[in-house]
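Report on one structure; see the data block that follows.
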Amino acid sequence: MNKEIKLVDLKPQYEEIKDELWKEWEKIFNSMHLMLGPNMKAFEKEFAEYSGVKYGIGVDSGTAALFIALKAMGINENHAVIAPSFTFFATIEAIVQTGAHPILIDIDEKDYNISPSKIKEFIEENTEFDGENLFDKKSKKTIKAIIPVHLYGTPAEMDKIKDIAKRYNLLILEDCAQAHGAEFEGEKVGSLGDAAAFSFYFSKNLSALGEAGIILTNNEEIREKASMLRVHGQKDKYTHQFIGYNSRLDEIQAVVLRLKLKKLDSWNQKRIELAEYYNERLKELPLFLPINFSHKKSVFHLYVIRTDRRDELKDFLSKNGVGTGIHYPIPSHLQPALKYLNYKKGDLPVSEKIADEILTLPMYPHLKEEDIEYIVDKIKEFFKL
Ligand SMILES: Cc1ncc(COP(=O)(O)O)c(C=O)c1O
């Protein structure tokens with residue numbers, strides 16, 4: 001019998017918080033304190049505490065969190081920023097929107113994250129360092145920052161990235177959009193760089209019921225600048241210290257996030273168990289499966305497998321009622337919008353190969369083991385095992 005299994009099903013998350021949520025929303029609508037209110041302030045504190053960081057600055061999306069964090073870190077058109085090519089496009093978009101030049105680096109095929117050895121290789125071959133500034137010979141800009149992305153919920157190799165940043169005087173902005181609660185050597189992501197950006201897009205491990213994001217930092221200066229940038233560069237009402245943006249985290253979303261934050265650890269644990277369940281049952285098949293790293297904890301935002309018969313398998317699963325995804329089919333260096341950077345096919349071979357082979361299987365905390373059994377049976381049928 002054919003089943004229908006969605007790639008993500010978020011309704012059960014809503015069901016878990018529904019009763020409390022409507023009570024909280026009622027309070028908000030009665031008070032009509034809709035913006036920059038008590039729920040945003042409480043959530044900023046609660047999420048910063050959860051991640052082991054001093055300050056949280058709520059904004060209206062993950063993209064805004066990346067962009068505003070970069071601005072607050074002083075990134076501008078005189079600078080270049082290192083990032084992985086293989087990421088959701090928003091990471092790179094945020095760099096370009098500051099006027100800075102993105103330097104796109106290949107990934108490691110084991111964890112799909114930026115490769116520290118390829119960053120080093122780039123620096124050795126393309127830059128000059130005068131003890132303070134790292135100068136990129138091609139773009140003629142000063143490289144100021146690295147954005148490691150913890151893709152699919154698995155932390156990037158932060159110890160090696162931190163070493164590079166220290167050696168060359170670079171700032172680190174973690175892109176944690178897919179990794180709420182993930183850990184590197186026992187420390188939560190979001191606490192490992194100079195600042196971090198999180199998305200609460202509706203499908204993320206911690207998600208709003210609309211758009212939302214947050215910046216985390218231990219740096220008082222970044223905190224102050226970012227919280228002014230999100231409201232038109234103002235500290236006091238109607239006095240604008242600089243040109244900012246409109247990017248507030250509203251109360252309706254903040255209260256959703258407060259209620260879901262209480263569930264995040266148990267939902268993440270569920271994802272980890274489901275990933276183990278998949279791994280165990282798929283291990284005999286000719287597939288590359290997610291690796292279980294001993295020094296870092298993935299929170300399996302996505303469960304991604306790899307095969308060179310990806311498109312055929314995707315089609316087969318779809319015909320059998322299983323929703324799948326490709327995150328992401330085109331690496332950033334080959335995106336039409338970045339043509340001006342003059343990258344060409346073959347420049348970042350791992351990203352390109354991975355983009356052709358990856359397939360995201362259904363993953364969400366309320367997915368059932370019997371659903372995984374069905375998916376695995378269908379994959380076995382595909383490989384005729
Ligand atoms: C890695 C990554 N960075 C940034 C973003 C942007 O977040 P948002 O959609 O909230 O703007 C996302 C998700 O959408 C993402 O997956």
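Residue numbers start at 1 in each chain; chains themselves are named A, B, ... in the order of the structure tokens; ligands are numbered from 1 in the order shown.
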
Problem - Per-residue DSSP, region 149-335 of chain A, filtered to helix (DSSP H, G or I), as a ChimeraX atom specification - result: /A:151-153,158-167,220-229,251-282,310-319,332-334

Handout entry: Protein and nucleic residues near ligand 1, 7 Å, only C-alpha atoms and all ligand atoms, as a PyMOL selection string
Key = chain A and resi 61-64+87-88+90-91+149+151+175-178+199-201+211-213

Include N, CA and C atoms and write out the residues we just selected as an mmCIF file, in the first residue's frame.
data_model
loop_
_atom_site.group_PDB
_atom_site.id
_atom_site.type_symbol
_atom_site.label_atom_id
_atom_site.label_comp_id
_atom_site.auth_asym_id
_atom_site.auth_seq_id
_atom_site.Cartn_x
_atom_site.Cartn_y
_atom_site.Cartn_z
ATOM 1 N N SER A 61 14.233 38.199 10.132
ATOM 2 C CA SER A 61 14.548 36.997 9.344
ATOM 3 C C SER A 61 15.994 36.604 9.572
ATOM 4 N N GLY A 62 16.346 35.414 9.106
ATOM 5 C CA GLY A 62 17.740 34.976 9.189
ATOM 6 C C GLY A 62 18.614 35.785 8.246
ATOM 7 N N THR A 63 18.069 36.124 7.101
ATOM 8 C CA THR A 63 18.826 36.926 6.136
ATOM 9 C C THR A 63 19.161 38.290 6.747
ATOM 10 N N ALA A 64 18.175 38.893 7.402
ATOM 11 C CA ALA A 64 18.401 40.189 8.068
ATOM 12 C C ALA A 64 19.429 40.027 9.190
ATOM 13 N N THR A 87 25.854 26.615 0.205
ATOM 14 C CA THR A 87 25.014 27.075 1.313
ATOM 15 C C THR A 87 23.705 27.570 0.716
ATOM 16 N N PHE A 88 22.738 27.885 1.592
ATOM 17 C CA PHE A 88 21.563 28.588 1.077
ATOM 18 C C PHE A 88 22.021 29.983 0.660
ATOM 19 N N ALA A 90 21.169 32.939 0.855
ATOM 20 C CA ALA A 90 21.080 34.110 1.739
ATOM 21 C C ALA A 90 22.417 34.447 2.387
ATOM 22 N N THR A 91 23.239 33.430 2.670
ATOM 23 C CA THR A 91 24.548 33.668 3.291
ATOM 24 C C THR A 91 25.362 34.630 2.421
ATOM 25 N N VAL A 149 29.087 28.144 7.839
ATOM 26 C CA VAL A 149 27.656 27.793 7.884
ATOM 27 C C VAL A 149 27.575 26.381 8.464
ATOM 28 N N LEU A 151 25.827 23.652 8.120
ATOM 29 C CA LEU A 151 24.807 23.169 7.188
ATOM 30 C C LEU A 151 24.149 21.869 7.649
ATOM 31 N N ASP A 175 26.836 31.272 10.661
ATOM 32 C CA ASP A 175 25.485 31.165 10.112
ATOM 33 C C ASP A 175 24.865 29.900 10.718
ATOM 34 N N CYS A 176 24.010 30.131 11.716
ATOM 35 C CA CYS A 176 23.414 29.021 12.486
ATOM 36 C C CYS A 176 21.973 28.762 12.065
ATOM 37 N N ALA A 177 21.600 29.223 10.878
ATOM 38 C CA ALA A 177 20.194 29.138 10.453
ATOM 39 C C ALA A 177 19.647 27.707 10.511
ATOM 40 N N GLN A 178 20.542 26.716 10.363
ATOM 41 C CA GLN A 178 20.072 25.329 10.317
ATOM 42 C C GLN A 178 20.516 24.532 11.541
ATOM 43 N N SER A 199 18.072 31.806 11.825
ATOM 44 C CA SER A 199 16.783 31.998 11.160
ATOM 45 C C SER A 199 15.727 31.207 11.922
ATOM 46 N N PHE A 200 14.541 31.751 11.971
ATOM 47 C CA PHE A 200 13.414 30.988 12.532
ATOM 48 C C PHE A 200 12.345 30.775 11.460
ATOM 49 N N TYR A 201 12.797 30.659 10.225
ATOM 50 C CA TYR A 201 11.923 30.330 9.089
ATOM 51 C C TYR A 201 11.099 29.094 9.465
ATOM 52 N N GLU A 211 7.977 34.992 9.564
ATOM 53 C CA GLU A 211 9.414 35.256 9.434
ATOM 54 C C GLU A 211 9.996 35.738 10.759
ATOM 55 N N ALA A 212 11.212 35.298 11.089
ATOM 56 C CA ALA A 212 11.909 35.805 12.283
ATOM 57 C C ALA A 212 13.365 35.357 12.266
ATOM 58 N N GLY A 213 14.188 36.064 13.019
ATOM 59 C CA GLY A 213 15.606 35.702 13.138
ATOM 60 C C GLY A 213 16.203 36.351 14.374
#

Exercise for the section: Check region 60-133 of chain A with DSSP on the backbone and list each residue it calls strand (DSSP E or B), as a list in words. Expected result: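 Assigned to strand (DSSP E or B), within region 60-133 of chain A: His79, Ala80, Val81, Ile82, Ala83, Pro84, His101, Pro102, Ile103, Leu104, Ile105, Ile107, Ile114, Thr127, Glu128 and Phe129 of chain A.
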
Considering only C-alpha atoms, tabulate each residue of region 119-215 of chain A that lies at most 10 Å from region 358-364 of chain A along with its nearest interatomic pair and the corresponding distance in Å to one decimal; arrange the rows by chain and ascending residue number and present them as a Markdown table.
| residue | atom | partner | partner_atom | distance |
| --- | --- | --- | --- | --- |
| A:Tyr152 | CA | A:Thr360 | CA | 9.7 |
| A:Ser203 | CA | A:Tyr364 | CA | 8.9 |
| A:Lys204 | CA | A:Tyr364 | CA | 9.5 |
| A:Asn205 | CA | A:Tyr364 | CA | 8.3 |

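Note that CA of Asn218 (chain A) and CA of Ile105 (chain A) are 27.0 Å apart.
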
Problem - Within 8 Å of Leu249 (chain A) using only C-alpha atoms, minus same-chain residues under 6 positions, as a list in words - result: Met35, Leu36, Met40, Gly58, Val59, Asp60, Ala212 and Gly213 of chain A

Handout entry: Near-Tyr50 (chain A) list (12 Å; only C-alpha atoms; drop same-chain fewer than 5 positions) as a list in words
Key =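 Returned residues: Phe43, Glu44, Lys45, Tyr55, Gly56, His180, Gly181, Ala182, Glu183, Glu187, Lys188, Val189, Gly190, Ser191, Leu216, Arg258, Leu261, Lys262, Leu264 and Asp265 of chain A.
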
Limited to N, CA and C atoms, could you put the picked residues into a file as a PDB file, in the first residue's frame?
ATOM      1  N   PHE A  43      12.469  36.680  24.904  1.00  0.00           N
ATOM      2  CA  PHE A  43      13.021  35.645  24.014  1.00  0.00           C
ATOM      3  C   PHE A  43      14.502  35.895  23.727  1.00  0.00           C
ATOM      4  N   GLU A  44      14.858  37.158  23.520  1.00  0.00           N
ATOM      5  CA  GLU A  44      16.283  37.479  23.269  1.00  0.00           C
ATOM      6  C   GLU A  44      17.146  36.941  24.410  1.00  0.00           C
ATOM      7  N   LYS A  45      16.663  37.171  25.615  1.00  0.00           N
ATOM      8  CA  LYS A  45      17.412  36.739  26.801  1.00  0.00           C
ATOM      9  C   LYS A  45      17.430  35.199  26.891  1.00  0.00           C
ATOM     10  N   TYR A  55      24.255  38.291  24.649  1.00  0.00           N
ATOM     11  CA  TYR A  55      23.203  39.153  24.097  1.00  0.00           C
ATOM     12  C   TYR A  55      22.489  38.541  22.898  1.00  0.00           C
ATOM     13  N   GLY A  56      21.184  38.807  22.806  1.00  0.00           N
ATOM     14  CA  GLY A  56      20.397  38.433  21.628  1.00  0.00           C
ATOM     15  C   GLY A  56      19.725  39.683  21.080  1.00  0.00           C
ATOM     16  N   HIS A 180      20.149  25.270  15.355  1.00  0.00           N
ATOM     17  CA  HIS A 180      19.776  25.647  16.724  1.00  0.00           C
ATOM     18  C   HIS A 180      20.037  24.491  17.692  1.00  0.00           C
ATOM     19  N   GLY A 181      20.924  24.716  18.648  1.00  0.00           N
ATOM     20  CA  GLY A 181      21.170  23.679  19.665  1.00  0.00           C
ATOM     21  C   GLY A 181      22.308  22.725  19.316  1.00  0.00           C
ATOM     22  N   ALA A 182      22.878  22.825  18.119  1.00  0.00           N
ATOM     23  CA  ALA A 182      24.005  21.940  17.752  1.00  0.00           C
ATOM     24  C   ALA A 182      25.234  22.331  18.578  1.00  0.00           C
ATOM     25  N   GLU A 183      26.167  21.379  18.723  1.00  0.00           N
ATOM     26  CA  GLU A 183      27.335  21.636  19.585  1.00  0.00           C
ATOM     27  C   GLU A 183      28.633  21.229  18.910  1.00  0.00           C
ATOM     28  N   GLU A 187      30.270  22.801  23.083  1.00  0.00           N
ATOM     29  CA  GLU A 187      29.776  24.183  23.157  1.00  0.00           C
ATOM     30  C   GLU A 187      28.758  24.439  22.060  1.00  0.00           C
ATOM     31  N   LYS A 188      27.718  25.197  22.426  1.00  0.00           N
ATOM     32  CA  LYS A 188      26.635  25.427  21.469  1.00  0.00           C
ATOM     33  C   LYS A 188      27.084  26.322  20.319  1.00  0.00           C
ATOM     34  N   VAL A 189      26.613  26.027  19.130  1.00  0.00           N
ATOM     35  CA  VAL A 189      26.855  26.944  18.022  1.00  0.00           C
ATOM     36  C   VAL A 189      26.154  28.264  18.356  1.00  0.00           C
ATOM     37  N   GLY A 190      26.708  29.329  17.828  1.00  0.00           N
ATOM     38  CA  GLY A 190      26.189  30.655  18.174  1.00  0.00           C
ATOM     39  C   GLY A 190      27.071  31.313  19.205  1.00  0.00           C
ATOM     40  N   SER A 191      27.877  30.468  19.908  1.00  0.00           N
ATOM     41  CA  SER A 191      28.763  31.012  20.952  1.00  0.00           C
ATOM     42  C   SER A 191      30.229  30.911  20.526  1.00  0.00           C
ATOM     43  N   LEU A 216      23.163  36.725  17.777  1.00  0.00           N
ATOM     44  CA  LEU A 216      23.741  36.535  19.112  1.00  0.00           C
ATOM     45  C   LEU A 216      25.163  37.063  19.112  1.00  0.00           C
ATOM     46  N   ARG A 258       9.195  31.592  22.074  1.00  0.00           N
ATOM     47  CA  ARG A 258       9.378  31.315  23.514  1.00  0.00           C
ATOM     48  C   ARG A 258       8.774  29.962  23.878  1.00  0.00           C
ATOM     49  N   LEU A 261      10.872  27.140  22.198  1.00  0.00           N
ATOM     50  CA  LEU A 261      12.229  26.979  22.755  1.00  0.00           C
ATOM     51  C   LEU A 261      12.230  25.940  23.877  1.00  0.00           C
ATOM     52  N   LYS A 262      11.129  25.903  24.632  1.00  0.00           N
ATOM     53  CA  LYS A 262      11.032  24.925  25.729  1.00  0.00           C
ATOM     54  C   LYS A 262      11.050  23.483  25.202  1.00  0.00           C
ATOM     55  N   LEU A 264      12.674  22.638  22.260  1.00  0.00           N
ATOM     56  CA  LEU A 264      13.733  22.456  21.264  1.00  0.00           C
ATOM     57  C   LEU A 264      14.628  21.252  21.552  1.00  0.00           C
ATOM     58  N   ASP A 265      15.077  21.104  22.802  1.00  0.00           N
ATOM     59  CA  ASP A 265      15.993  19.996  23.100  1.00  0.00           C
ATOM     60  C   ASP A 265      15.341  18.640  22.841  1.00  0.00           C
TER      61      ASP A 265
END

Exercise for the section: State, in Å with one decimal place, the distance from CA of Lys353 (chain A) to CA of Glu109 (chain A). Expected result: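 These two atoms are separated by 9.3 Å.
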
Problem - Residues within 12 Å of Pro116 (chain A), only C-alpha atoms, excluding chain neighbours under 3 positions, as a VMD selection string - result: chain A and resid 82 to 84 105 to 108 111 to 113 119 to 123 146 to 148 156 to 165

Practice task
Write out as a list in words which residues come within 10 Å of region 336-342 of chain A when counting only C-alpha atoms, dropping same-chain ones fewer than 2 positions away.
Solution key: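 In the requested form, the answer reads Ile92, Glu93, Val96, His101, Pro102, Ile103, Leu104, Ser139, Ile330, Ser332, His333, Leu334 and Lys344 of chain A.
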
Selection file, C-alpha atoms, as an mmCIF file, in the first residue's frame:
data_model
loop_
_atom_site.group_PDB
_atom_site.id
_atom_site.type_symbol
_atom_site.label_atom_id
_atom_site.label_comp_id
_atom_site.auth_asym_id
_atom_site.auth_seq_id
_atom_site.Cartn_x
_atom_site.Cartn_y
_atom_site.Cartn_z
ATOM 1 C CA ILE A 92 26.176 35.127 0.210
ATOM 2 C CA GLU A 93 23.412 37.636 -0.482
ATOM 3 C CA VAL A 96 26.951 41.298 -1.250
ATOM 4 C CA HIS A 101 33.196 41.005 -1.993
ATOM 5 C CA PRO A 102 32.336 37.339 -1.329
ATOM 6 C CA ILE A 103 35.207 34.838 -1.539
ATOM 7 C CA LEU A 104 33.632 31.439 -2.106
ATOM 8 C CA SER A 139 39.512 41.894 -5.487
ATOM 9 C CA ILE A 330 23.330 24.912 -7.610
ATOM 10 C CA SER A 332 26.565 29.805 -5.056
ATOM 11 C CA HIS A 333 29.639 30.260 -7.279
ATOM 12 C CA LEU A 334 27.582 29.068 -10.274
ATOM 13 C CA LYS A 344 33.365 28.847 -13.687
#

Exercise for the section: In Å, rounded to a single decimal, give me how far CA of Ile68 (chain A) is from CA of Ala226 (chain A). Expected result: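 So the two atoms, CA of Ala226 (chain A) and CA of Ile68 (chain A), lie 6.0 Å apart.
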
Practice task
Give the answer as one residue: which of A:Ala195, A:Leu317, A:Ala72, A:Leu173 has the shortest atom-to-atom distance to Lys54 (chain A), using only C-alpha atoms?
Solution key: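 Residue with the minimum atom-to-atom distance to Lys54 (chain A): A:Ala195.
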
Handout entry: Spatial neighbours of Lys11 (chain A), max dist 12 Å, only C-alpha atoms, sep filter under 6 positions, as a ChimeraX atom specification
Key = /A:17-18,202-203,207,209,364-367

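Each of A:Val376, A:Glu273, A:Gln241, A:Ala197 was compared to Ser51 (chain A) using only C-alpha atoms, and A:Ala197 turns out to be the nearest.
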
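For the residues A:Ala254, A:Ala179, A:Ile172, A:Val81, ranking by smallest atom-to-atom distance to Asp136 (chain A) using only C-alpha atoms places A:Val81 first.
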
Problem - Pick from A:Gly52, A:Gly346, A:Gly74, A:Gly323 nearest to Glu4 (chain A), counting only C-alpha atoms - result: A:Gly323
